[in-house]
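Next comes query-v9.cif, a file with mmCIF, C-alpha atoms and all ligand atoms.
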data_work
#
loop_
_atom_site.label_atom_id
_atom_site.label_comp_id
_atom_site.auth_asym_id
_atom_site.auth_seq_id
_atom_site.Cartn_x
_atom_site.Cartn_y
_atom_site.Cartn_z
CA MET J 1 0.00 0.00 0.00
CA PRO J 2 1.51 3.38 -0.92
CA PRO J 3 1.50 5.65 2.12
CA LYS J 4 -0.81 8.67 2.38
CA LEU J 5 1.04 11.83 1.52
CA LYS J 6 0.99 15.50 2.38
CA SER J 7 2.00 18.24 0.02
CA VAL J 8 4.63 20.79 1.10
CA VAL J 9 6.68 23.38 -0.76
CA GLU J 10 10.44 23.42 -0.37
CA GLY J 11 12.33 26.03 -2.38
CA LYS J 12 10.28 26.24 -5.60
CA THR J 13 9.38 22.56 -5.56
CA ARG J 14 6.16 20.87 -4.53
CA LEU J 15 6.97 17.77 -2.52
CA LEU J 16 4.65 14.95 -1.49
CA VAL J 17 5.92 13.55 1.79
CA PRO J 18 4.76 11.22 4.58
CA PRO J 19 2.63 13.39 6.92
CA ALA J 20 4.24 12.01 10.10
CA SER J 21 7.62 13.30 8.94
CA LEU J 22 6.32 16.86 9.34
CA TRP J 23 5.61 16.61 13.06
CA SER J 24 7.66 13.74 14.46
CA LYS J 25 10.82 14.79 16.25
CA VAL J 26 12.99 12.12 14.66
CA PRO J 27 11.72 11.23 11.17
CA GLU J 28 10.77 7.59 10.65
CA THR J 29 13.09 5.70 8.34
CA TYR J 30 10.32 3.31 7.29
CA PRO J 31 8.26 2.96 5.09
CA VAL J 32 9.35 6.28 3.52
CA PHE J 33 11.96 8.66 4.88
CA PHE J 34 11.72 12.43 4.70
CA ASN J 35 13.44 14.93 6.98
CA PRO J 36 12.07 18.49 6.72
CA ALA J 37 15.04 19.70 8.81
CA ALA J 38 17.36 18.80 5.92
CA ARG J 39 15.96 21.71 3.88
CA LEU J 40 19.13 23.79 4.30
CA ASN J 41 21.21 20.78 3.30
CA ARG J 42 19.10 20.42 0.11
CA ASP J 43 19.09 24.20 -0.54
CA ILE J 44 22.88 24.10 -0.63
CA SER J 45 22.78 21.10 -3.00
CA VAL J 46 20.56 23.09 -5.34
CA ALA J 47 22.84 26.14 -5.06
CA VAL J 48 26.01 24.14 -5.74
CA ALA J 49 24.31 22.46 -8.73
CA ALA J 50 23.29 25.90 -10.01
CA ALA J 51 26.87 27.12 -9.53
CA THR J 52 28.51 24.11 -11.22
CA GLY J 53 25.92 23.34 -13.93
CA PRO J 54 25.83 19.54 -14.25
CA ALA J 55 23.98 18.09 -17.26
CA THR J 56 23.33 14.84 -15.36
CA PHE J 57 22.78 14.43 -11.60
CA LEU J 58 22.58 11.13 -9.72
CA ASP J 59 20.56 11.21 -6.49
CA LEU J 60 21.91 7.86 -5.33
CA LEU J 61 19.91 7.34 -2.13
CA SER J 62 16.88 9.31 -3.13
CA ALA J 63 14.09 8.32 -0.71
CA THR J 64 11.20 10.66 -1.78
CA GLY J 65 13.45 12.24 -4.40
CA ALA J 66 13.32 15.53 -2.49
CA ARG J 67 16.90 16.41 -3.43
CA GLY J 68 16.89 15.17 -7.01
CA VAL J 69 13.52 16.70 -7.87
CA ARG J 70 14.58 20.02 -6.34
CA VAL J 71 17.80 20.01 -8.38
CA ALA J 72 15.82 19.26 -11.56
CA ARG J 73 13.26 21.96 -10.82
CA GLU J 74 15.44 24.72 -9.35
CA ALA J 75 19.09 24.49 -10.41
CA GLY J 76 18.70 26.33 -13.70
CA ASP J 77 19.81 24.96 -17.06
CA PRO J 78 17.87 21.72 -17.60
CA VAL J 79 19.62 18.97 -15.76
CA ARG J 80 18.68 15.30 -16.13
CA VAL J 81 18.26 13.58 -12.77
CA THR J 82 18.42 9.88 -11.93
CA MET J 83 17.04 8.80 -8.56
CA VAL J 84 17.98 5.44 -7.08
CA ASP J 85 16.64 3.68 -3.99
CA PHE J 86 16.08 0.05 -2.99
CA ASN J 87 12.89 0.90 -1.15
CA ARG J 88 9.90 0.58 -3.49
CA ALA J 89 7.58 2.63 -1.28
CA SER J 90 10.07 5.54 -1.41
CA LEU J 91 10.44 5.22 -5.14
CA SER J 92 6.69 5.34 -5.69
CA VAL J 93 6.69 8.66 -3.79
CA ALA J 94 9.69 9.86 -5.81
CA ALA J 95 7.79 9.06 -9.02
CA LYS J 96 4.81 11.10 -7.73
CA ASN J 97 7.13 14.01 -6.94
CA VAL J 98 8.54 13.89 -10.45
CA LYS J 99 4.99 14.03 -11.82
CA ALA J 100 3.81 16.74 -9.45
CA ASN J 101 6.56 18.99 -10.82
CA HIS J 102 6.05 18.00 -14.48
CA LEU J 103 9.58 16.65 -14.76
CA GLU J 104 8.88 13.27 -16.39
CA GLU J 105 11.04 14.23 -19.38
CA ARG J 106 14.14 14.88 -17.31
CA CYS J 107 13.85 12.60 -14.28
CA GLU J 108 14.24 8.87 -14.04
CA VAL J 109 13.48 6.69 -11.03
CA VAL J 110 15.47 3.45 -10.67
CA HIS J 111 14.86 0.59 -8.25
CA SER J 112 18.27 -0.78 -7.34
CA GLU J 113 20.72 -1.39 -4.57
CA ALA J 114 23.00 1.66 -4.65
CA ASN J 115 26.41 0.02 -5.11
CA ARG J 116 25.00 -2.37 -7.66
CA TYR J 117 23.73 0.59 -9.67
CA LEU J 118 27.03 2.47 -9.33
CA TYR J 119 29.17 -0.47 -10.40
CA SER J 120 26.92 -0.99 -13.40
CA ARG J 121 28.47 2.32 -14.63
CA PHE J 122 31.98 0.91 -14.32
CA GLU J 123 33.86 0.96 -17.64
CA ARG J 124 30.78 2.43 -19.30
CA GLU J 125 30.30 5.83 -20.80
CA GLU J 126 27.17 6.64 -18.81
CA LYS J 127 28.82 8.37 -15.91
CA PHE J 128 27.43 11.42 -14.13
CA ASP J 129 28.34 15.11 -13.89
CA ALA J 130 27.16 15.15 -10.28
CA VAL J 131 26.62 12.36 -7.78
CA ASP J 132 25.02 12.81 -4.37
CA VAL J 133 25.29 10.23 -1.60
CA ASP J 134 22.90 10.84 1.30
CA PRO J 135 22.77 7.70 3.46
CA PHE J 136 21.48 6.87 6.92
CA GLY J 137 24.79 7.03 8.79
CA THR J 138 28.11 6.65 7.03
CA PRO J 139 28.74 7.27 3.32
CA ALA J 140 31.87 5.07 3.48
CA PRO J 141 30.39 1.97 1.76
CA TYR J 142 29.39 3.99 -1.32
CA LEU J 143 32.29 6.34 -1.98
CA GLN J 144 34.62 4.19 -4.05
CA ALA J 145 31.82 3.22 -6.42
CA ALA J 146 30.40 6.77 -6.46
CA LEU J 147 33.79 8.07 -7.59
CA VAL J 148 33.96 5.42 -10.30
CA ALA J 149 30.50 6.49 -11.58
CA SER J 150 31.58 10.17 -11.73
CA LYS J 151 32.84 11.82 -14.93
CA ASP J 152 36.10 13.74 -15.00
CA GLY J 153 35.28 17.14 -13.48
CA ALA J 154 32.09 15.89 -11.80
CA VAL J 155 30.94 17.09 -8.39
CA LEU J 156 30.56 14.37 -5.77
CA SER J 157 28.71 15.35 -2.61
CA PHE J 158 28.07 13.23 0.43
CA THR J 159 26.52 13.37 3.88
CA ALA J 160 27.76 11.63 7.02
CA THR J 161 25.38 11.38 9.96
CA ASP J 162 27.67 9.17 12.05
CA ALA J 163 28.81 12.35 13.77
CA ALA J 164 29.73 10.73 17.10
CA VAL J 165 32.08 8.31 15.34
CA LEU J 166 33.75 11.07 13.33
CA CYS J 167 34.03 13.29 16.41
CA GLY J 168 36.04 10.82 18.44
CA VAL J 169 33.37 9.25 20.65
CA TYR J 170 34.00 5.76 19.19
CA PRO J 171 37.62 5.80 17.99
CA GLU J 172 37.70 2.09 17.18
CA VAL J 173 34.71 2.50 14.86
CA ALA J 174 36.33 5.50 13.13
CA LEU J 175 39.43 3.41 12.59
CA ARG J 176 37.68 0.47 10.98
CA ARG J 177 35.18 2.58 9.04
CA TYR J 178 37.45 5.36 7.76
CA GLY J 179 40.90 3.94 8.47
CA ALA J 180 41.59 7.11 10.46
CA ALA J 181 42.26 8.05 14.07
CA ALA J 182 39.65 10.52 15.35
CA PRO J 183 40.69 11.68 18.85
CA ARG J 184 38.78 14.36 20.74
CA SER J 185 40.00 17.93 20.30
CA GLU J 186 38.73 21.52 20.25
CA PHE J 187 38.11 21.23 16.50
CA VAL J 188 36.43 17.85 16.04
CA HIS J 189 34.01 19.07 13.38
CA GLU J 190 36.72 20.37 11.10
CA THR J 191 38.68 17.18 11.72
CA ALA J 192 35.59 15.09 10.84
CA ILE J 193 35.21 16.96 7.55
CA ARG J 194 38.91 16.48 6.81
CA ILE J 195 38.71 12.76 7.64
CA LEU J 196 35.79 12.48 5.19
CA ALA J 197 37.59 14.40 2.43
CA GLY J 198 40.76 12.38 3.05
CA PHE J 199 38.77 9.16 2.91
CA ALA J 200 37.33 10.21 -0.47
CA ALA J 201 40.87 10.91 -1.73
CA ARG J 202 42.01 7.46 -0.58
CA MET J 203 38.98 5.73 -2.12
CA GLY J 204 39.66 7.60 -5.38
CA GLY J 205 43.28 6.51 -5.17
CA ILE J 206 42.23 2.88 -5.63
CA ASN J 207 41.01 3.70 -9.15
CA ASP J 208 43.44 6.50 -10.11
CA ILE J 209 40.93 9.23 -9.32
CA GLY J 210 41.82 12.49 -7.56
CA VAL J 211 39.56 14.82 -5.59
CA ALA J 212 39.58 18.54 -4.90
CA PRO J 213 37.19 19.75 -2.17
CA LEU J 214 34.81 22.57 -3.16
CA ALA J 215 32.82 23.17 0.01
CA ALA J 216 31.81 21.53 3.28
CA HIS J 217 29.47 22.24 6.13
CA SER J 218 28.71 20.88 9.54
CA THR J 219 25.73 21.03 11.85
CA LEU J 220 24.97 19.31 15.13
CA HIS J 221 23.86 16.10 13.42
CA TYR J 222 25.70 15.71 10.16
CA PHE J 223 28.58 16.69 7.90
CA ARG J 224 28.45 17.44 4.19
CA VAL J 225 31.41 17.48 1.81
CA TYR J 226 31.53 18.49 -1.88
CA VAL J 227 34.52 17.46 -3.98
CA ARG J 228 35.46 17.90 -7.62
CA VAL J 229 36.38 14.54 -9.15
CA VAL J 230 39.55 14.63 -11.25
CA ARG J 231 40.31 11.46 -13.16
CA GLY J 232 43.82 10.20 -13.83
CA ALA J 233 46.86 8.85 -11.99
CA ARG J 234 48.53 12.25 -11.80
CA ALA J 235 45.54 13.96 -10.18
CA SER J 236 45.22 11.01 -7.84
CA ASP J 237 48.91 11.27 -6.87
CA GLU J 238 48.47 15.00 -6.23
CA SER J 239 45.49 14.34 -3.95
CA GLN J 240 47.48 11.83 -1.89
CA ARG J 241 50.06 14.57 -1.20
CA TYR J 242 47.44 16.47 0.77
CA LEU J 243 46.98 13.63 3.26
CA GLY J 244 48.43 14.03 6.72
CA TYR J 245 47.68 14.50 10.41
CA VAL J 246 46.46 17.21 12.78
CA THR J 247 47.40 17.16 16.46
CA GLN J 248 46.28 18.99 19.57
CA CYS J 249 48.68 18.66 22.49
CA ASN J 250 46.71 18.34 25.72
CA GLY J 251 49.80 19.45 27.66
CA CYS J 252 50.91 22.82 26.25
CA GLN J 253 47.75 23.23 24.10
CA SER J 254 49.73 23.88 20.94
CA ARG J 255 48.43 22.35 17.74
CA PHE J 256 50.05 21.41 14.49
CA GLY J 257 49.39 19.76 11.16
CA GLY J 258 51.78 17.88 8.89
CA GLU J 259 52.58 14.88 6.79
CA VAL J 260 53.94 12.72 9.58
CA GLN J 261 52.19 11.16 12.54
CA VAL J 262 54.18 12.41 15.55
CA GLN J 263 54.24 10.50 18.85
CA ARG J 264 55.23 13.41 21.07
CA CYS J 265 54.53 17.14 21.08
CA PRO J 266 57.50 18.87 19.43
CA ARG J 267 57.13 21.76 21.90
CA CYS J 268 56.65 20.14 25.32
CA GLY J 269 57.43 16.47 24.73
CA LYS J 270 54.07 15.19 26.03
CA LYS J 271 52.58 12.11 24.34
CA VAL J 272 49.99 13.11 21.73
CA ARG J 273 47.32 11.40 19.61
CA PRO J 274 47.26 12.80 16.08
CA ALA J 275 44.03 12.74 14.06
CA GLY J 276 44.24 11.25 10.58
CA PRO J 277 45.15 10.39 7.97
CA LEU J 278 43.01 13.28 6.81
CA TRP J 279 42.83 15.99 4.15
CA LEU J 280 45.20 18.87 4.94
CA GLY J 281 44.63 20.76 1.68
CA PRO J 282 42.07 23.41 0.81
CA LEU J 283 38.42 22.63 1.61
CA CYS J 284 36.86 25.27 -0.61
CA ASP J 285 36.74 26.64 -4.12
CA ASP J 286 36.18 30.37 -3.94
CA LYS J 287 34.25 30.63 -7.21
CA VAL J 288 31.87 27.84 -6.21
CA LEU J 289 31.34 29.50 -2.81
CA LYS J 290 30.74 32.89 -4.41
CA ASP J 291 28.31 31.62 -7.05
CA SER J 292 26.43 29.38 -4.61
CA THR J 293 26.09 32.22 -2.10
CA GLN J 294 24.80 34.48 -4.85
CA PHE J 295 22.26 31.85 -5.85
CA CYS J 296 21.07 31.43 -2.22
CA ASP J 297 20.81 35.21 -1.86
CA GLY J 298 18.76 35.40 -5.06
CA GLU J 299 16.34 32.78 -3.70
CA GLY J 300 16.12 34.55 -0.33
CA TRP J 301 17.68 31.61 1.54
CA ARG J 302 19.46 33.59 4.22
CA ASP J 303 20.58 30.71 6.42
CA SER J 304 22.02 28.79 3.46
CA ALA J 305 23.74 31.90 2.08
CA GLU J 306 25.27 32.52 5.48
CA MET J 307 26.40 28.92 5.83
CA VAL J 308 28.15 28.97 2.45
CA SER J 309 29.67 32.43 2.73
CA SER J 310 31.04 31.64 6.21
CA LEU J 311 33.47 29.28 4.47
CA ARG J 312 35.20 32.02 2.50
CA GLY J 313 38.75 32.62 3.64
CA THR J 314 38.88 29.45 5.78
CA ASP J 315 41.66 27.96 3.67
CA GLU J 316 43.99 30.84 4.51
CA PHE J 317 44.32 29.41 8.01
CA PRO J 318 45.83 26.24 9.49
CA PRO J 319 43.58 23.14 9.69
CA PHE J 320 42.63 23.66 13.36
CA SER J 321 41.25 26.26 15.74
CA TYR J 322 40.99 27.41 19.36
CA SER J 323 37.87 27.34 21.49
CA VAL J 324 37.26 30.69 23.18
CA GLU J 325 35.52 29.10 26.15
CA ARG J 326 38.28 26.55 26.76
CA SER J 327 40.89 29.27 26.70
CA ALA J 328 38.87 31.44 29.08
CA SER J 329 38.30 28.58 31.50
CA ARG J 330 42.00 27.55 31.39
CA GLN J 331 42.84 31.06 32.50
CA GLY J 332 40.00 31.54 34.97
CA VAL J 333 38.48 34.54 33.17
CA SER J 334 34.99 34.97 31.73
CA SER J 335 34.44 34.12 28.11
CA VAL J 336 34.33 36.88 25.50
CA PRO J 337 32.31 37.64 22.38
CA LEU J 338 34.00 36.63 19.12
CA ASP J 339 33.96 40.06 17.51
CA ALA J 340 35.80 41.68 20.40
CA LEU J 341 38.38 38.89 20.45
CA LEU J 342 38.98 39.10 16.69
CA GLU J 343 39.63 42.80 17.14
CA THR J 344 42.14 42.24 19.95
CA LEU J 345 43.97 39.65 17.85
CA SER J 346 44.03 42.02 14.89
CA SER J 347 45.48 44.90 16.92
CA ALA J 348 48.14 42.52 18.24
CA GLY J 349 49.12 41.91 14.59
CA TYR J 350 47.52 38.49 14.06
CA ARG J 351 45.17 37.40 11.32
CA SER J 352 42.12 35.54 12.52
CA THR J 353 38.62 34.54 11.54
CA ARG J 354 35.52 32.86 12.95
CA GLN J 355 35.80 29.06 12.70
CA PRO J 356 32.91 28.03 10.41
CA PHE J 357 32.75 24.41 11.61
CA GLU J 358 32.73 24.91 15.41
CA SER J 359 30.78 27.12 17.78
CA LEU J 360 32.61 30.06 19.37
CA SER J 361 36.05 29.18 18.00
CA VAL J 362 38.77 31.06 16.17
CA LYS J 363 41.14 30.17 13.35
CA THR J 364 44.27 32.27 13.57
CA ASP J 365 47.96 32.43 12.78
CA ALA J 366 48.64 33.23 16.47
CA ALA J 367 50.16 30.46 18.61
CA VAL J 368 48.27 29.31 21.70
CA GLU J 369 50.08 31.69 24.10
CA ALA J 370 49.21 34.72 21.98
CA PHE J 371 45.64 33.46 21.61
CA ASP J 372 45.31 33.01 25.37
CA ASP J 373 46.76 36.50 25.94
CA ALA J 374 44.17 37.96 23.60
CA VAL J 375 41.30 36.16 25.36
CA ARG J 376 42.54 37.33 28.79
CA GLU J 377 43.09 40.89 27.64
CA THR J 378 39.67 41.10 25.97
CA SER J 379 37.98 39.60 29.00
CA ARG J 380 39.63 42.09 31.39
CA ALA J 381 38.94 45.06 29.13
CA LEU J 382 35.25 44.10 28.90
CA ALA J 383 35.03 43.57 32.68
CA LYS J 384 36.50 47.04 33.24
CA ALA J 385 34.10 48.65 30.78
CA ASP J 386 31.10 47.16 32.63
C1 LIG G 401 18.68 9.48 4.33
S1 LIG G 401 17.64 8.77 3.13
C2 LIG G 401 17.83 9.83 1.74
C3 LIG G 401 17.17 11.17 1.90
C4 LIG G 401 17.05 12.00 0.64
N1 LIG G 401 18.30 12.12 -0.08
C5 LIG G 401 16.48 13.37 0.97
O1 LIG G 401 17.18 14.42 0.79
O2 LIG G 401 15.31 13.43 1.42
C6 LIG G 401 18.47 7.31 2.67
C7 LIG G 401 17.74 6.44 1.63
O3 LIG G 401 18.69 5.44 1.22
C8 LIG G 401 17.99 4.23 0.93
N2 LIG G 401 19.00 3.16 1.00
C9 LIG G 401 19.73 2.78 2.08
N3 LIG G 401 20.64 1.84 1.72
C10 LIG G 401 20.49 1.64 0.39
C11 LIG G 401 21.15 0.81 -0.55
N4 LIG G 401 22.16 0.00 -0.18
N5 LIG G 401 20.76 0.86 -1.84
C12 LIG G 401 19.73 1.69 -2.23
N6 LIG G 401 19.07 2.49 -1.38
C13 LIG G 401 19.45 2.47 -0.09
C14 LIG G 401 16.91 4.17 1.96
O4 LIG G 401 15.84 3.39 1.48
C15 LIG G 401 16.54 5.66 2.12
O5 LIG G 401 15.44 5.97 1.32
ZN ZN G 402 52.79 20.21 23.99
#
Represent the supplied structure as structure tokens.
Ligand SMILES: C[S@@+](CC[C@H](N)C(=O)[O-])C[C@H]1O[C@@H](n2cnc3c(N)ncnc32)[C@H](O)[C@@H]1O
Ligand SMILES: [Zn+2]
Amino acid sequence: MPPKLKSVVEGKTRLLVPPASLWSKVPETYPVFFNPAARLNRDISVAVAAATGPATFLDLLSATGARGVRVAREAGDPVRVTMVDFNRASLSVAAKNVKANHLEERCEVVHSEANRYLYSRFEREEKFDAVDVDPFGTPAPYLQAALVASKDGAVLSFTATDAAVLCGVYPEVALRRYGAAAPRSEFVHETAIRILAGFAARMGGINDIGVAPLAAHSTLHYFRVYVRVVRGARASDESQRYLGYVTQCNGCQSRFGGEVQVQRCPRCGKKVRPAGPLWLGPLCDDKVLKDSTQFCDGEGWRDSAEMVSSLRGTDEFPPFSYSVERSASRQGVSSVPLDALLETLSSAGYRSTRQPFESLSVKTDAAVEAFDDAVRETSRALAKAD
């Protein structure tokens, strides 16, 4: 029996979705999954598609087709969308969504197991200009095949909702799932994104495929990464050169990134646990960020525009950050607002910016002592002004 559906509008698209998904706190995964809270996530997909202009888009784990149908309807120049799911109830809803938006000419709905579908593209010409992987949990089982089904220059995007694993709560699971150490630190979200991008580079490496990240974002519950797929052994070799480790020393609080996995902090000699292997290279492509932000602005999607534009400039800083609250509590002073702190750092001659992947954190070229000084100074100055 096909489930009863309710009609909602997301972006410019009419979507038929299971009614319970609109009021239940945690959306049911069965019989048909839809998460209204993932609107921003889908808005950004539409914006990146508009900015990168794929002719073909694969919505690999489509459920109701919300993402694929929105891309077909909203991303501009006609894009052909293929939606794949192994759940027939979901696919019947996806087919209705295609029809409700008059997209039968440009959208196809395929009943298949995802990897089986992807590998059916292997050594064939029918590869995609964009592939999206939006699983329950980890994208790891799909990435090698998703890269293989991507054309040279394609955009591969993927979601990871196994946030606790990627943020160091279950290090043994991170190790077996991503082949990477994920210790706790003050910048676990950025590290999670870098582990995901690094994992994509390693999966591409198996088939001589390179990746170049275009954008990434993180919320409380999930991570999203967008990479450009670059085919060929040379591109793949170049990607591998960006792999390395990031370390936070829990003794002297200094942090460092580099190719080698150190055992001890080079500054204080304390034993450390580096995170990685992970992606140390750039996470963003400025043109894609600019064009996607412009698209979001044009649609009036303020939260999505803000999310994307907050990434600009991130790559000018090292692959880690400092938590303002941790620094304040280490020094026994009250925490300070970010703007005031950024100003103090700037007048002390340091470059710094808001960390887009963590709350109340700063990316800066200042070392930990200078950062702590700035937090203390700002805190005292604000206390005096009160
Ligand atoms: C998180 S939902 C996708 C949500 C959708 N992209 C959206 O934006 O609304 C994951 C979907 O993957 C499907 N799925 C899970 N494992 C699969 C597999 N191995 N092959 C095909 N579909 C699969 C599930 O049936 C489910 O519909
Ligand atoms: Zn140290």
Go through the chains and note each residue within 6 Å of ligand LIG 401 (chain G), using all atoms listed in the file, then give the set as a ChimeraX atom specification.
/J:33-34,61-64,66-67,85-87,112-114,134-136
Could you give me, as a list in words, the residues within 8 Å of stretch 217-228 of chain J, counting all atoms listed in the file and dropping anything in the same chain fewer than 5 positions from it?
Gly153, Ala154, Val155, Leu156, Ser157, Phe158, Thr159, Ala160, Thr161, Asp162, Ala163, His189, Ala192, Ile193, Leu196, Ala197, Val211, Ala212, Met307, Val308, Pro356 and Phe357 of chain J
Please, which residues in chain J fall within 10 Å of ligand ZN 402 (chain G) when counting all atoms listed in the file, and what is the closest atom pair and distance in Å to one decimal for each, ordered by chain then residue number, as CSV?
residue,atom,partner,partner_atom,distance
J:Thr247,CA,G:ZN402,ZN,9.7
J:Gln248,CA,G:ZN402,ZN,8.0
J:Cys249,CA,G:ZN402,ZN,4.6
J:Asn250,CA,G:ZN402,ZN,6.6
J:Gly251,CA,G:ZN402,ZN,4.8
J:Cys252,CA,G:ZN402,ZN,3.9
J:Gln253,CA,G:ZN402,ZN,5.9
J:Ser254,CA,G:ZN402,ZN,5.7
J:Arg255,CA,G:ZN402,ZN,7.9
J:Phe256,CA,G:ZN402,ZN,10.0
J:Arg264,CA,G:ZN402,ZN,7.8
J:Cys265,CA,G:ZN402,ZN,4.6
J:Pro266,CA,G:ZN402,ZN,6.7
J:Arg267,CA,G:ZN402,ZN,5.1
J:Cys268,CA,G:ZN402,ZN,4.1
J:Gly269,CA,G:ZN402,ZN,6.0
J:Lys270,CA,G:ZN402,ZN,5.6
J:Lys271,CA,G:ZN402,ZN,8.1
J:Val272,CA,G:ZN402,ZN,8.0
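If all atoms listed in the file are the atoms counted, then among J:Ala37, J:Ala216, J:Ile206, J:Ala385 the closest residue to J:Ser24 is J:Ala37.
Going from atom CA of J:Asp129 over to atom CA of J:Val109, you cover 17.3 Å.
Straight-line separation from atom CA of J:Tyr178 to atom CA of J:Pro141: 9.9 Å.
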Option closest in space to J:Ile209, from J:Trp23, J:Leu360, J:Lys151, J:Arg194 [counting all atoms listed in the file]:
J:Lys151
Go ahead and compute the interatomic distance for atom CA of J:Val375 and atom CA of J:Glu186, in Å to one decimal.
15.7 Å
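Closest approach to J:Glu306 among J:Glu172, J:Glu343, J:Asp43, J:Asp285: J:Asp43, based on only C-alpha atoms.
Among J:Leu40, J:Val262, J:Leu118, J:Ala328, the residue with the shortest atom-to-atom distance to J:Asp59, counting all atoms listed in the file, is J:Leu118.
Using only C-alpha atoms for every distance, the candidate list J:Leu311, J:Val229, J:Ala275, J:Val84 yields J:Val229 as the residue closest to J:Ala201.
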Find the nearest atom pair between each residue of stretch 96-152 of chain J and stretch 6-17 of chain J for residues within 12 Å, count all atoms listed in the file, give distances in Å to one decimal, sort rows by chain and ascending number, and present the table as a tab-separated table.
residue	atom	partner	partner_atom	distance
J:Lys96	CA	J:Leu16	CA	7.3
J:Asn97	CA	J:Leu15	CA	5.8
J:Val98	CA	J:Leu15	CA	9.0
J:Lys99	CA	J:Arg14	CA	10.1
J:Ala100	CA	J:Arg14	CA	6.8
J:Asn101	CA	J:Arg14	CA	6.6
J:His102	CA	J:Arg14	CA	10.4
J:Leu103	CA	J:Thr13	CA	10.9
May I have the protein, DNA and RNA residues with any atom at most 7 Å from the point (35.5, 19.0, 18.6), counting all atoms listed in the file, written as a VMD selection string?
chain J and resid 167 184 to 189
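Of the listed residues (J:Ser329, J:Gln263, J:Thr56, J:Ser346), J:Thr56 comes nearest to J:Ala72; the distances count all atoms listed in the file.
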